[in-house]
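The file entry-v3.txt comes next; it holds compact mmCIF, C-alpha atoms.
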```txt
# COMPACT_ATOMS: atom_id res chain seq x y z
CA MET Y 1 -4.65 -22.87 -14.45
CA ARG Y 2 -6.36 -19.49 -14.68
CA LEU Y 3 -6.32 -16.65 -12.17
CA PHE Y 4 -9.39 -14.41 -11.79
CA LEU Y 5 -8.72 -11.10 -10.04
CA PHE Y 6 -11.65 -8.90 -8.94
CA GLY Y 7 -11.23 -5.32 -7.73
CA ALA Y 8 -13.51 -2.52 -6.57
CA GLY Y 9 -14.76 -1.87 -10.10
CA ALA Y 10 -16.38 -5.33 -10.11
CA THR Y 11 -18.65 -4.31 -7.23
CA ILE Y 12 -19.15 -0.73 -8.40
CA GLY Y 13 -20.04 -1.86 -11.92
CA THR Y 14 -22.29 -4.71 -10.78
CA LEU Y 15 -24.21 -3.13 -7.91
CA GLY Y 16 -23.72 0.55 -8.65
CA LEU Y 17 -22.14 0.98 -5.22
CA PRO Y 18 -20.06 4.12 -4.67
CA GLY Y 19 -16.29 4.15 -4.63
CA VAL Y 20 -14.21 5.56 -1.79
CA LYS Y 21 -14.47 9.07 -3.30
CA GLN Y 22 -18.28 9.04 -2.98
CA PHE Y 23 -18.35 7.53 0.49
CA GLY Y 24 -19.68 10.52 2.45
CA PRO Y 25 -22.97 10.89 0.52
CA ALA Y 26 -23.32 7.09 0.39
CA LEU Y 27 -23.12 6.82 4.17
CA GLU Y 28 -25.76 9.53 4.49
CA ARG Y 29 -28.01 7.48 2.25
CA CYS Y 30 -27.50 4.30 4.29
CA ALA Y 31 -27.51 5.95 7.72
CA PRO Y 32 -29.31 9.32 7.51
CA SER Y 33 -27.97 11.91 9.98
CA TRP Y 34 -25.27 9.42 10.99
CA TRP Y 35 -23.16 12.25 12.47
CA SER Y 36 -25.73 12.77 15.23
CA ASP Y 37 -25.76 9.06 16.18
CA ALA Y 38 -23.73 8.34 19.31
CA LYS Y 39 -22.28 5.19 17.68
CA TYR Y 40 -20.57 7.43 15.08
CA SER Y 41 -19.70 10.42 17.28
CA LYS Y 42 -15.92 9.90 17.29
CA LEU Y 43 -15.92 9.31 13.52
CA ALA Y 44 -17.96 12.49 13.01
CA ARG Y 45 -15.37 14.47 14.98
CA PHE Y 46 -12.52 13.24 12.78
CA VAL Y 47 -14.49 13.88 9.57
CA ALA Y 48 -15.25 17.46 10.66
CA GLU Y 49 -11.60 18.01 11.61
CA MET Y 50 -10.37 16.66 8.27
CA ARG Y 51 -12.79 18.88 6.34
CA GLY Y 52 -12.05 21.95 8.45
CA THR Y 53 -15.73 22.29 9.34
CA PRO Y 54 -15.94 21.94 13.14
CA GLY Y 55 -19.26 20.51 14.23
CA ASP Y 56 -20.32 19.62 10.68
CA SER Y 57 -19.61 16.13 9.34
CA SER Y 58 -22.35 16.01 6.72
CA GLY Y 59 -21.78 16.12 2.98
CA ASP Y 60 -18.89 14.97 0.86
CA TRP Y 61 -15.75 13.26 2.16
CA TYR Y 62 -13.42 10.54 0.96
CA LEU Y 63 -13.10 7.22 2.77
CA ASP Y 64 -9.46 6.71 1.77
CA GLU Y 65 -8.47 10.22 2.89
CA LEU Y 66 -10.08 9.80 6.31
CA TRP Y 67 -8.72 6.28 6.87
CA THR Y 68 -5.23 7.45 5.91
CA ARG Y 69 -5.48 10.40 8.29
CA LEU Y 70 -6.51 8.17 11.21
CA ASP Y 71 -3.70 5.75 10.45
CA TYR Y 72 -0.96 8.34 9.93
CA VAL Y 73 -1.85 10.30 13.08
CA ALA Y 74 -1.71 7.05 15.08
CA LYS Y 75 1.70 6.13 13.64
CA LEU Y 76 3.23 9.63 13.74
CA PHE Y 77 1.56 11.07 16.83
CA PRO Y 78 4.74 12.01 18.76
CA ALA Y 79 5.64 14.43 15.97
CA LEU Y 80 2.10 15.78 15.59
CA GLU Y 81 0.83 16.06 19.17
CA SER Y 82 2.21 19.58 19.70
CA LEU Y 83 0.37 20.69 16.54
CA GLY Y 84 -2.97 19.81 18.10
CA ALA Y 85 -3.49 16.50 16.31
CA GLN Y 86 -6.15 14.28 17.88
CA ARG Y 87 -5.46 10.55 18.16
CA ASP Y 88 -8.10 7.81 18.07
CA ASP Y 89 -7.44 6.67 21.62
CA GLY Y 90 -9.50 3.59 22.39
CA GLY Y 91 -10.15 2.91 18.70
CA GLU Y 92 -13.72 4.26 18.80
CA ALA Y 93 -13.39 6.18 15.54
CA SER Y 94 -11.82 3.16 13.83
CA GLN Y 95 -14.65 0.93 15.01
CA ALA Y 96 -17.21 3.48 13.81
CA LEU Y 97 -15.42 3.60 10.46
CA HIS Y 98 -15.71 -0.19 10.15
CA ARG Y 99 -19.40 0.15 11.04
CA ALA Y 100 -19.80 2.75 8.29
CA VAL Y 101 -18.07 0.49 5.74
CA ALA Y 102 -20.46 -2.32 6.70
CA ALA Y 103 -23.45 0.01 6.25
CA VAL Y 104 -22.41 0.93 2.69
CA TYR Y 105 -20.75 -2.24 1.38
CA GLY Y 106 -22.20 -4.99 3.53
CA PRO Y 107 -25.76 -5.70 2.40
CA LEU Y 108 -26.42 -7.89 -0.65
CA ASN Y 109 -29.78 -8.33 -2.34
CA GLU Y 110 -29.39 -12.08 -2.72
CA HIS Y 111 -32.76 -12.58 -4.42
CA ALA Y 112 -31.96 -9.95 -7.06
CA LEU Y 113 -28.52 -11.50 -7.65
CA SER Y 114 -30.04 -14.95 -8.17
CA GLU Y 115 -32.60 -13.54 -10.60
CA ALA Y 116 -29.91 -11.62 -12.51
CA TRP Y 117 -27.77 -14.75 -12.79
CA ARG Y 118 -30.68 -16.61 -14.38
CA GLY Y 119 -31.69 -13.67 -16.58
CA ALA Y 120 -30.71 -12.73 -20.11
CA GLU Y 121 -29.40 -9.18 -19.59
CA PRO Y 122 -25.64 -8.56 -19.87
CA PHE Y 123 -23.99 -9.52 -16.58
CA THR Y 124 -20.19 -9.47 -16.59
CA LEU Y 125 -19.67 -11.37 -13.34
CA ARG Y 126 -21.90 -14.17 -14.60
CA ALA Y 127 -19.89 -14.34 -17.84
CA VAL Y 128 -16.53 -14.33 -16.05
CA LEU Y 129 -17.35 -16.59 -13.11
CA GLY Y 130 -19.08 -18.94 -15.52
CA GLN Y 131 -15.63 -19.64 -17.00
CA VAL Y 132 -14.12 -20.75 -13.68
CA GLN Y 133 -13.13 -24.41 -13.74
CA PRO Y 134 -11.77 -26.84 -11.13
CA GLY Y 135 -8.15 -25.97 -10.40
CA ASP Y 136 -8.57 -22.22 -11.02
CA VAL Y 137 -7.94 -19.48 -8.45
CA VAL Y 138 -10.40 -16.67 -7.74
CA VAL Y 139 -9.18 -13.57 -5.89
CA SER Y 140 -11.37 -10.77 -4.51
CA LEU Y 141 -9.53 -7.67 -3.37
CA ASN Y 142 -12.83 -6.26 -2.08
CA TRP Y 143 -14.23 -6.01 1.43
CA ASP Y 144 -17.71 -7.03 0.27
CA VAL Y 145 -18.78 -10.64 -0.28
CA LEU Y 146 -20.24 -10.32 -3.80
CA VAL Y 147 -17.75 -12.56 -5.62
CA GLU Y 148 -17.72 -15.35 -3.06
CA TRP Y 149 -21.51 -15.29 -2.69
CA LEU Y 150 -21.91 -15.77 -6.45
CA LEU Y 151 -19.27 -18.49 -6.45
CA MET Y 152 -21.02 -20.40 -3.69
CA ASN Y 153 -24.62 -19.90 -4.83
CA CYS Y 154 -24.74 -19.37 -8.61
CA ARG Y 155 -21.76 -21.25 -10.06
CA PHE Y 156 -23.59 -23.57 -12.45
CA PRO Y 157 -20.45 -25.07 -14.08
CA LEU Y 158 -18.93 -25.79 -10.67
CA ARG Y 159 -21.57 -27.74 -8.79
CA ALA Y 160 -19.21 -30.71 -8.45
CA ALA Y 161 -16.18 -28.62 -7.38
CA ARG Y 162 -15.31 -27.43 -3.90
CA VAL Y 163 -14.55 -23.75 -3.33
CA VAL Y 164 -11.81 -23.56 -0.71
CA GLN Y 165 -10.90 -20.45 1.25
CA MET Y 166 -7.12 -20.33 1.30
CA PRO Y 167 -4.95 -21.31 3.11
CA HIS Y 168 -7.05 -24.42 3.80
CA SER Y 169 -5.59 -27.51 2.17
CA SER Y 170 -6.93 -28.06 -1.32
CA SER Y 171 -6.74 -30.61 -4.11
CA ALA Y 172 -6.19 -30.18 -7.84
CA GLY Y 173 -9.94 -30.27 -8.49
CA ASP Y 174 -10.82 -27.48 -6.06
CA VAL Y 175 -11.37 -23.81 -6.82
CA ARG Y 176 -9.14 -21.83 -4.48
CA PHE Y 177 -10.49 -18.53 -3.15
CA VAL Y 178 -8.33 -15.68 -1.83
CA LYS Y 179 -9.09 -12.38 0.00
CA PRO Y 180 -5.88 -10.34 0.32
CA HIS Y 181 -7.58 -7.23 1.75
CA GLY Y 182 -9.72 -9.02 4.33
CA SER Y 183 -13.49 -9.21 4.32
CA LEU Y 184 -16.60 -7.90 6.03
CA SER Y 185 -17.33 -11.59 6.66
CA TRP Y 186 -14.08 -12.20 8.59
CA ARG Y 187 -15.11 -11.82 12.22
CA ARG Y 188 -12.70 -10.88 14.98
CA THR Y 189 -13.70 -11.23 18.62
CA MET Y 190 -11.18 -9.48 20.86
CA PRO Y 191 -11.69 -9.76 24.63
CA ALA Y 192 -9.52 -7.37 26.64
CA GLY Y 193 -6.37 -9.15 27.83
CA LEU Y 194 -7.37 -12.51 26.32
CA GLU Y 195 -6.50 -14.40 23.14
CA PRO Y 196 -8.63 -13.08 20.25
CA ASP Y 197 -10.91 -15.35 18.25
CA PHE Y 198 -10.88 -15.10 14.47
CA GLU Y 199 -13.48 -16.65 12.16
CA TRP Y 200 -12.38 -16.47 8.52
CA SER Y 201 -13.94 -19.55 6.89
CA ASN Y 202 -16.66 -22.14 7.39
CA ASN Y 203 -15.82 -25.40 9.14
CA ASP Y 204 -15.68 -27.21 5.79
CA GLY Y 205 -13.07 -24.76 4.47
CA SER Y 206 -15.44 -22.81 2.21
CA PRO Y 207 -15.55 -18.98 2.20
CA LEU Y 208 -17.81 -17.06 4.55
CA THR Y 209 -20.52 -15.25 2.58
CA ARG Y 210 -22.38 -13.34 5.29
CA ALA Y 211 -21.03 -9.85 5.89
CA MET Y 212 -21.13 -8.38 9.37
CA ARG Y 213 -23.90 -5.81 9.77
CA PRO Y 214 -23.25 -2.39 11.33
CA GLU Y 215 -24.99 -3.49 14.54
CA ASP Y 216 -22.66 -6.53 14.74
CA ILE Y 217 -19.61 -4.24 15.03
CA ARG Y 218 -19.46 -3.12 18.63
CA ASN Y 219 -17.61 -2.96 21.93
CA GLU Y 220 -19.65 -4.88 24.46
CA SER Y 221 -18.51 -5.44 28.06
CA GLY Y 222 -14.89 -5.00 27.03
CA VAL Y 223 -15.14 -7.38 24.07
CA ILE Y 224 -14.60 -5.88 20.61
CA TYR Y 225 -16.43 -7.42 17.62
CA GLN Y 226 -15.06 -6.22 14.30
CA PRO Y 227 -14.30 -7.49 10.77
CA LEU Y 228 -10.74 -7.74 9.50
CA LEU Y 229 -10.34 -5.13 6.76
CA LEU Y 230 -7.11 -3.78 5.29
CA GLY Y 231 -7.77 -0.04 5.11
CA ALA Y 232 -7.78 2.13 2.01
CA ILE Y 233 -4.36 3.51 2.97
CA PRO Y 234 -0.83 3.40 1.49
CA ILE Y 235 0.88 1.68 4.47
CA LYS Y 236 -1.30 -1.21 5.59
CA SER Y 237 -0.37 -2.14 9.16
CA GLU Y 238 -1.63 -5.70 8.78
CA ILE Y 239 1.20 -6.61 6.40
CA LEU Y 240 3.89 -5.38 8.83
CA ARG Y 241 4.88 -7.96 11.42
CA GLU Y 242 6.56 -5.30 13.59
CA VAL Y 243 3.36 -3.25 13.80
CA GLN Y 244 1.10 -6.19 14.64
CA GLY Y 245 3.38 -7.54 17.39
CA ASN Y 246 2.60 -10.70 19.32
CA GLU Y 247 -0.92 -9.67 20.32
CA HIS Y 248 -2.17 -9.50 16.73
CA SER Y 249 0.29 -11.85 15.03
CA PHE Y 250 -2.65 -13.92 13.77
CA VAL Y 251 -3.73 -10.94 11.64
CA HIS Y 252 -0.34 -10.66 9.97
CA SER Y 253 -0.20 -14.42 9.41
CA ARG Y 254 -3.63 -14.63 7.83
CA VAL Y 255 -3.02 -11.67 5.51
CA MET Y 256 0.36 -13.00 4.44
CA GLU Y 257 -1.21 -16.38 3.68
CA GLN Y 258 -3.64 -14.66 1.33
CA TRP Y 259 -0.89 -12.80 -0.50
CA LYS Y 260 1.20 -15.96 -0.69
CA ALA Y 261 -1.70 -17.78 -2.37
CA LEU Y 262 -2.18 -14.90 -4.83
CA CYS Y 263 1.51 -14.69 -5.69
CA GLU Y 264 1.82 -18.44 -6.24
CA ALA Y 265 -1.28 -18.39 -8.45
CA LEU Y 266 0.16 -15.59 -10.57
CA ARG Y 267 3.47 -17.45 -10.86
CA ASP Y 268 1.73 -20.61 -12.10
CA SER Y 269 -1.21 -19.27 -14.14
CA ASP Y 270 -1.56 -19.47 -17.90
CA GLU Y 271 -4.22 -16.75 -18.10
CA LEU Y 272 -5.14 -13.77 -15.94
CA HIS Y 273 -8.62 -12.22 -15.89
CA VAL Y 274 -8.68 -8.76 -14.30
CA VAL Y 275 -12.17 -7.46 -13.49
CA GLY Y 276 -12.47 -3.92 -12.16
CA TYR Y 277 -9.03 -3.70 -10.55
CA SER Y 278 -7.01 -0.68 -11.66
CA PHE Y 279 -3.74 -1.47 -9.79
CA PRO Y 280 -3.95 1.89 -7.95
CA PRO Y 281 -0.78 3.61 -6.68
CA GLU Y 282 -1.78 3.15 -3.02
CA ASP Y 283 -1.41 -0.62 -3.50
CA GLY Y 284 2.32 -0.23 -4.12
CA TYR Y 285 3.20 -3.00 -1.64
CA GLY Y 286 0.94 -5.35 -3.62
CA HIS Y 287 2.52 -4.24 -6.89
CA PHE Y 288 5.91 -5.27 -5.51
CA MET Y 289 4.68 -8.73 -4.53
CA LEU Y 290 2.94 -9.24 -7.88
CA ALA Y 291 6.07 -8.09 -9.73
CA GLU Y 292 8.10 -10.66 -7.77
CA ALA Y 293 5.57 -13.35 -8.70
CA ALA Y 294 5.83 -12.31 -12.36
CA ARG Y 295 9.62 -12.47 -12.12
CA ALA Y 296 9.32 -16.05 -10.84
CA ARG Y 297 7.55 -16.98 -14.10
CA ARG Y 298 10.97 -16.65 -15.77
CA GLY Y 299 9.62 -15.23 -19.00
CA ARG Y 300 6.74 -17.68 -19.43
CA PRO Y 301 3.98 -15.77 -21.29
CA CYS Y 302 0.68 -14.90 -19.64
CA ARG Y 303 -2.48 -13.86 -21.45
CA VAL Y 304 -4.26 -10.98 -19.64
CA LEU Y 305 -7.92 -10.16 -20.21
CA LEU Y 306 -8.93 -6.79 -18.72
CA HIS Y 307 -12.50 -5.71 -17.97
CA GLU Y 308 -12.32 -1.92 -17.73
CA VAL Y 309 -14.14 1.10 -19.16
CA ARG Y 310 -12.74 2.14 -22.53
CA ALA Y 311 -11.55 5.55 -21.31
CA ARG Y 312 -9.29 3.92 -18.69
CA HIS Y 313 -8.16 0.79 -20.53
CA ASP Y 314 -4.86 2.14 -21.83
CA GLU Y 315 -3.90 3.63 -18.45
CA VAL Y 316 -4.68 0.44 -16.51
CA ALA Y 317 -3.15 -1.80 -19.19
CA ALA Y 318 0.08 0.19 -18.97
CA ARG Y 319 0.17 -0.33 -15.17
CA ILE Y 320 -0.43 -4.06 -15.55
CA ALA Y 321 2.23 -4.34 -18.26
CA SER Y 322 4.75 -2.45 -16.13
CA ILE Y 323 4.11 -4.52 -12.99
CA LEU Y 324 4.01 -7.90 -14.73
CA GLY Y 325 6.76 -7.25 -17.27
CA LEU Y 326 4.47 -7.49 -20.29
CA ALA Y 327 3.83 -5.43 -23.40
CA CYS Y 328 0.63 -3.36 -23.39
CA ARG Y 329 -0.56 -5.34 -26.42
CA ASP Y 330 -0.60 -8.45 -24.20
CA VAL Y 331 -3.44 -6.90 -22.14
CA LEU Y 332 -6.61 -7.58 -24.11
CA PRO Y 333 -9.68 -5.31 -23.65
CA GLN Y 334 -12.89 -7.06 -22.62
CA GLY Y 335 -15.08 -3.99 -22.11
CA PRO Y 336 -16.58 -2.53 -18.92
CA VAL Y 337 -18.28 -4.36 -16.07
CA GLN Y 338 -22.00 -4.60 -16.88
CA SER Y 339 -25.02 -5.75 -14.92
CA PRO Y 340 -28.84 -5.70 -15.07
CA ARG Y 341 -30.37 -2.44 -13.89
CA SER Y 342 -32.29 -4.37 -11.25
CA LEU Y 343 -29.05 -4.74 -9.29
CA LEU Y 344 -28.14 -1.06 -9.22
CA TRP Y 345 -28.03 0.44 -5.75
CA TRP Y 346 -26.39 3.79 -6.53
CA PRO Y 347 -27.35 5.99 -9.50
CA ARG Y 348 -24.81 5.89 -12.30
```

Take the structure in the file and give it back as structure tokens.
Amino acid sequence: MRLFLFGAGATIGTLGLPGVKQFGPALERCAPSWWSDAKYSKLARFVAEMRGTPGDSSGDWYLDELWTRLDYVAKLFPALESLGAQRDDGGEASQALHRAVAAVYGPLNEHALSEAWRGAEPFTLRAVLGQVQPGDVVVSLNWDVLVEWLLMNCRFPLRAARVVQMPHSSSAGDVRFVKPHGSLSWRRTMPAGLEPDFEWSNNDGSPLTRAMRPEDIRNESGVIYQPLLLGAIPIKSEILREVQGNEHSFVHSRVMEQWKALCEALRDSDELHVVGYSFPPEDGYGHFMLAEAARARRGRPCRVLLHEVRARHDEVAARIASILGLACRDVLPQGPVQSPRSLLWWPR
């Protein structure tokens, strides 16, 4: 069995989308003058506060830095309140942040993707996903739906195989699909004081491939509509049972099921394909779980194929080797993520 692991670099390299460090200008491109839109007003206030530019939220800012600030202030507010820290009471800034993420990472040009899949230009995701066979596991650590959309719509070798969103029951001939960081397609409906509804797969067990649009993310008559995304932050609340409590225990359960499926796949795999995932330091909790899965292999070798730009290969290979208990020479370079220029959204 082979494990295919896709990170942010798979989307950035394929669609030319910006990373979290280019998020501010990207949001301006998708939603011009967003800071003057009432739907983003609370987010604009936090951006301006973070940048030290009161009243001005335009320009450059980092998504991970802002998300971390919102999260840390919420968790540590008793110690910070006397310093003038502002908390996101009511969750309006968080909801606006989810809306902003949907604006930048949500839309897919499905026609262009289909044309690129059938074309002759270099297309790394076509080459990698074209190797997926029944029984393999495909993992997307991304919020967007690029990998699952290609799996469901362009997987020529897999027409006879089911793609199953874990943790649905699967058979040996299925391709199992895993989303450890949530998805823009995972829809939460949260009525005040009532049991929340959570849609995370189709009725037949296949992955959802339609991302929520910014206008879908809203608070309407006391009902909150929002995707389930694990933020770009070091301490992800969704993996902590104590933080989620009884009200949101379904969130913790679903996220843990995804990580369980990933860890079991790593324990059992013969080959690991890593596409655009750099094992960043802020994913330390994930590194621990992956290291435990590697330990459960009990020394059984694993071939690792890494798609990464040449300048970063050695650095990322060293991280992989350290986490999985391998030698750097066991991580084989496959070159950068490439795609036809027709797919590029953001200038390289």

*In terms of the shortest atom-to-atom distance over all atoms listed in the file, which of Y:Arg118, Y:His307, Y:His252, Y:His168 is closest to Gln338 (chain Y)?*
Y:His307

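Compared by their closest atoms to Leu3 (chain Y), and using all atoms listed in the file, the residues Y:Asn109, Y:Ser140, Y:Ser36, Y:Asn153 rank with Y:Ser140 nearest.
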
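If you look at CA of Pro180 (chain Y) and CA of Lys75 (chain Y), they are 22.5 Å away from each other.
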
Quick one: everything within 10 Å of region 315-317 of chain Y, counting all atoms listed in the file, minus sequence neighbours fewer than 2 positions away in the same chain. Send it as an mmCIF file with C-alpha atoms, keeping the file's coordinate frame.
```cif
data_model
loop_
_atom_site.group_PDB
_atom_site.id
_atom_site.type_symbol
_atom_site.label_atom_id
_atom_site.label_comp_id
_atom_site.auth_asym_id
_atom_site.auth_seq_id
_atom_site.Cartn_x
_atom_site.Cartn_y
_atom_site.Cartn_z
ATOM 1 C CA GLY Y 276 -12.470 -3.920 -12.160
ATOM 2 C CA TYR Y 277 -9.030 -3.700 -10.550
ATOM 3 C CA SER Y 278 -7.010 -0.680 -11.660
ATOM 4 C CA PHE Y 279 -3.740 -1.470 -9.790
ATOM 5 C CA PRO Y 280 -3.950 1.890 -7.950
ATOM 6 C CA VAL Y 304 -4.260 -10.980 -19.640
ATOM 7 C CA LEU Y 305 -7.920 -10.160 -20.210
ATOM 8 C CA LEU Y 306 -8.930 -6.790 -18.720
ATOM 9 C CA GLU Y 308 -12.320 -1.920 -17.730
ATOM 10 C CA VAL Y 309 -14.140 1.100 -19.160
ATOM 11 C CA ARG Y 310 -12.740 2.140 -22.530
ATOM 12 C CA ALA Y 311 -11.550 5.550 -21.310
ATOM 13 C CA ARG Y 312 -9.290 3.920 -18.690
ATOM 14 C CA HIS Y 313 -8.160 0.790 -20.530
ATOM 15 C CA ARG Y 319 0.170 -0.330 -15.170
ATOM 16 C CA ILE Y 320 -0.430 -4.060 -15.550
ATOM 17 C CA ALA Y 321 2.230 -4.340 -18.260
ATOM 18 C CA SER Y 322 4.750 -2.450 -16.130
ATOM 19 C CA ILE Y 323 4.110 -4.520 -12.990
ATOM 20 C CA LEU Y 326 4.470 -7.490 -20.290
ATOM 21 C CA ALA Y 327 3.830 -5.430 -23.400
ATOM 22 C CA CYS Y 328 0.630 -3.360 -23.390
ATOM 23 C CA ARG Y 329 -0.560 -5.340 -26.420
ATOM 24 C CA ASP Y 330 -0.600 -8.450 -24.200
ATOM 25 C CA VAL Y 331 -3.440 -6.900 -22.140
ATOM 26 C CA LEU Y 332 -6.610 -7.580 -24.110
ATOM 27 C CA PRO Y 333 -9.680 -5.310 -23.650
#
```

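Across the structure, CA of Ala8 (chain Y) and CA of Cys302 (chain Y) are spaced 22.9 Å apart.
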
*Between CA of Ala293 (chain Y) and CA of Trp67 (chain Y), what is the spacing in Å?*
28.8 Å

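Each of Y:Val145, Y:Val139, Y:Val47, Y:Leu150 was checked against Thr68 (chain Y) using only C-alpha atoms; the smallest atom-to-atom distance is that of Y:Val47.
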
_I'd like the contact shell of Met289 (chain Y) - 10 Å cut-off, all atoms listed in the file, skipping same-chain residues fewer than 2 positions apart - returned as JSON, numbers by chain._
{"Y": [259, 260, 262, 263, 284, 285, 286, 287, 291, 292, 293, 294, 295, 323]}

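With only C-alpha atoms as the atoms that count, the minimum distance from Leu125 (chain Y) to the choices Y:Cys154, Y:Val20, Y:Leu43, Y:Leu97 is reached by Y:Cys154.
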
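Using only C-alpha atoms, the smallest distance between any of Y:Trp34, Y:Pro301, Y:Glu264, Y:Gly24 and Arg51 (chain Y) comes from Y:Gly24.
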
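Among the candidates Y:Pro336, Y:Pro18, Y:Pro25, Y:Gly52, the residue lying nearest to Val274 (chain Y) is Y:Pro336 (atoms considered: all atoms listed in the file).
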
*Select all residues near (-9.0, -21.7, 1.9) (cut-off 7 Å, inclusive, file coordinates), counting all atoms listed in the file, and output them as a list in words.*
Val164, Gln165, Met166, Pro167, His168, Ser169, Arg176, Phe177, Gly205 and Ser206 of chain Y

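The shell of residues at most 12 Å from Ala120 (chain Y), with all atoms listed in the file counted and near chain neighbours (fewer than 6 positions) removed, consists of Y:Arg126, Y:Ala127, Y:Ser339, Y:Pro340.
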
For C-alpha atoms, I'd like the residues from the last selection saved as a PDB file, in the frame of the given file.
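part.pdb written:
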```
ATOM      1  CA  ARG Y 126     -21.900 -14.170 -14.600  1.00  0.00           C
ATOM      2  CA  ALA Y 127     -19.890 -14.340 -17.840  1.00  0.00           C
ATOM      3  CA  SER Y 339     -25.020  -5.750 -14.920  1.00  0.00           C
ATOM      4  CA  PRO Y 340     -28.840  -5.700 -15.070  1.00  0.00           C
TER       5      PRO Y 340
END
```

C-alpha atoms of region 110-166 of chain Y from block above, as a short mmCIF file (atom, residue, chain, number, x, y, z; two decimals), in the first residue's frame:
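Output file out_25.cif is given in full below:
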```cif
data_model
loop_
_atom_site.label_atom_id
_atom_site.label_comp_id
_atom_site.auth_asym_id
_atom_site.auth_seq_id
_atom_site.Cartn_x
_atom_site.Cartn_y
_atom_site.Cartn_z
CA GLU Y 110 -12.83 23.10 -12.96
CA HIS Y 111 -12.83 23.49 -16.74
CA ALA Y 112 -9.16 24.55 -16.75
CA LEU Y 113 -8.25 21.63 -14.46
CA SER Y 114 -9.98 19.14 -16.76
CA GLU Y 115 -8.21 20.59 -19.79
CA ALA Y 116 -4.84 20.51 -18.01
CA TRP Y 117 -5.36 16.88 -17.02
CA ARG Y 118 -5.94 15.96 -20.66
CA GLY Y 119 -3.10 18.15 -21.94
CA ALA Y 120 0.55 17.41 -22.60
CA GLU Y 121 2.25 20.07 -20.45
CA PRO Y 122 4.05 18.98 -17.27
CA PHE Y 123 1.47 18.56 -14.49
CA THR Y 124 2.80 17.06 -11.26
CA LEU Y 125 -0.56 16.28 -9.67
CA ARG Y 126 -1.62 14.40 -12.79
CA ALA Y 127 1.61 12.37 -12.68
CA VAL Y 128 1.31 11.60 -8.97
CA LEU Y 129 -2.43 10.96 -8.74
CA GLY Y 130 -2.18 8.87 -11.89
CA GLN Y 131 -0.14 6.39 -9.83
CA VAL Y 132 -2.84 5.91 -7.20
CA GLN Y 133 -4.19 2.37 -7.19
CA PRO Y 134 -7.00 0.59 -5.30
CA GLY Y 135 -5.95 0.10 -1.70
CA ASP Y 136 -3.82 3.27 -1.53
CA VAL Y 137 -4.39 6.19 0.86
CA VAL Y 138 -4.48 9.82 -0.28
CA VAL Y 139 -4.10 12.58 2.33
CA SER Y 140 -4.64 16.30 1.76
CA LEU Y 141 -3.48 18.58 4.55
CA ASN Y 142 -4.97 21.54 2.68
CA TRP Y 143 -8.18 23.47 3.24
CA ASP Y 144 -8.91 23.64 -0.49
CA VAL Y 145 -10.53 20.81 -2.46
CA LEU Y 146 -8.01 20.53 -5.33
CA VAL Y 147 -6.75 17.00 -4.58
CA GLU Y 148 -10.14 15.45 -3.93
CA TRP Y 149 -11.69 17.17 -6.96
CA LEU Y 150 -9.01 15.70 -9.22
CA LEU Y 151 -9.39 12.29 -7.58
CA MET Y 152 -13.14 12.28 -8.15
CA ASN Y 153 -13.20 13.80 -11.64
CA CYS Y 154 -9.92 13.07 -13.45
CA ARG Y 155 -8.61 9.78 -12.04
CA PHE Y 156 -8.39 7.76 -15.25
CA PRO Y 157 -6.71 4.67 -13.70
CA LEU Y 158 -9.31 4.55 -10.92
CA ARG Y 159 -12.66 4.58 -12.68
CA ALA Y 160 -13.53 1.20 -11.17
CA ALA Y 161 -12.38 2.10 -7.63
CA ARG Y 162 -14.36 3.89 -4.95
CA VAL Y 163 -12.82 6.91 -3.23
CA VAL Y 164 -13.93 6.81 0.40
CA GLN Y 165 -13.73 9.74 2.81
CA MET Y 166 -12.45 8.32 6.06
#
```
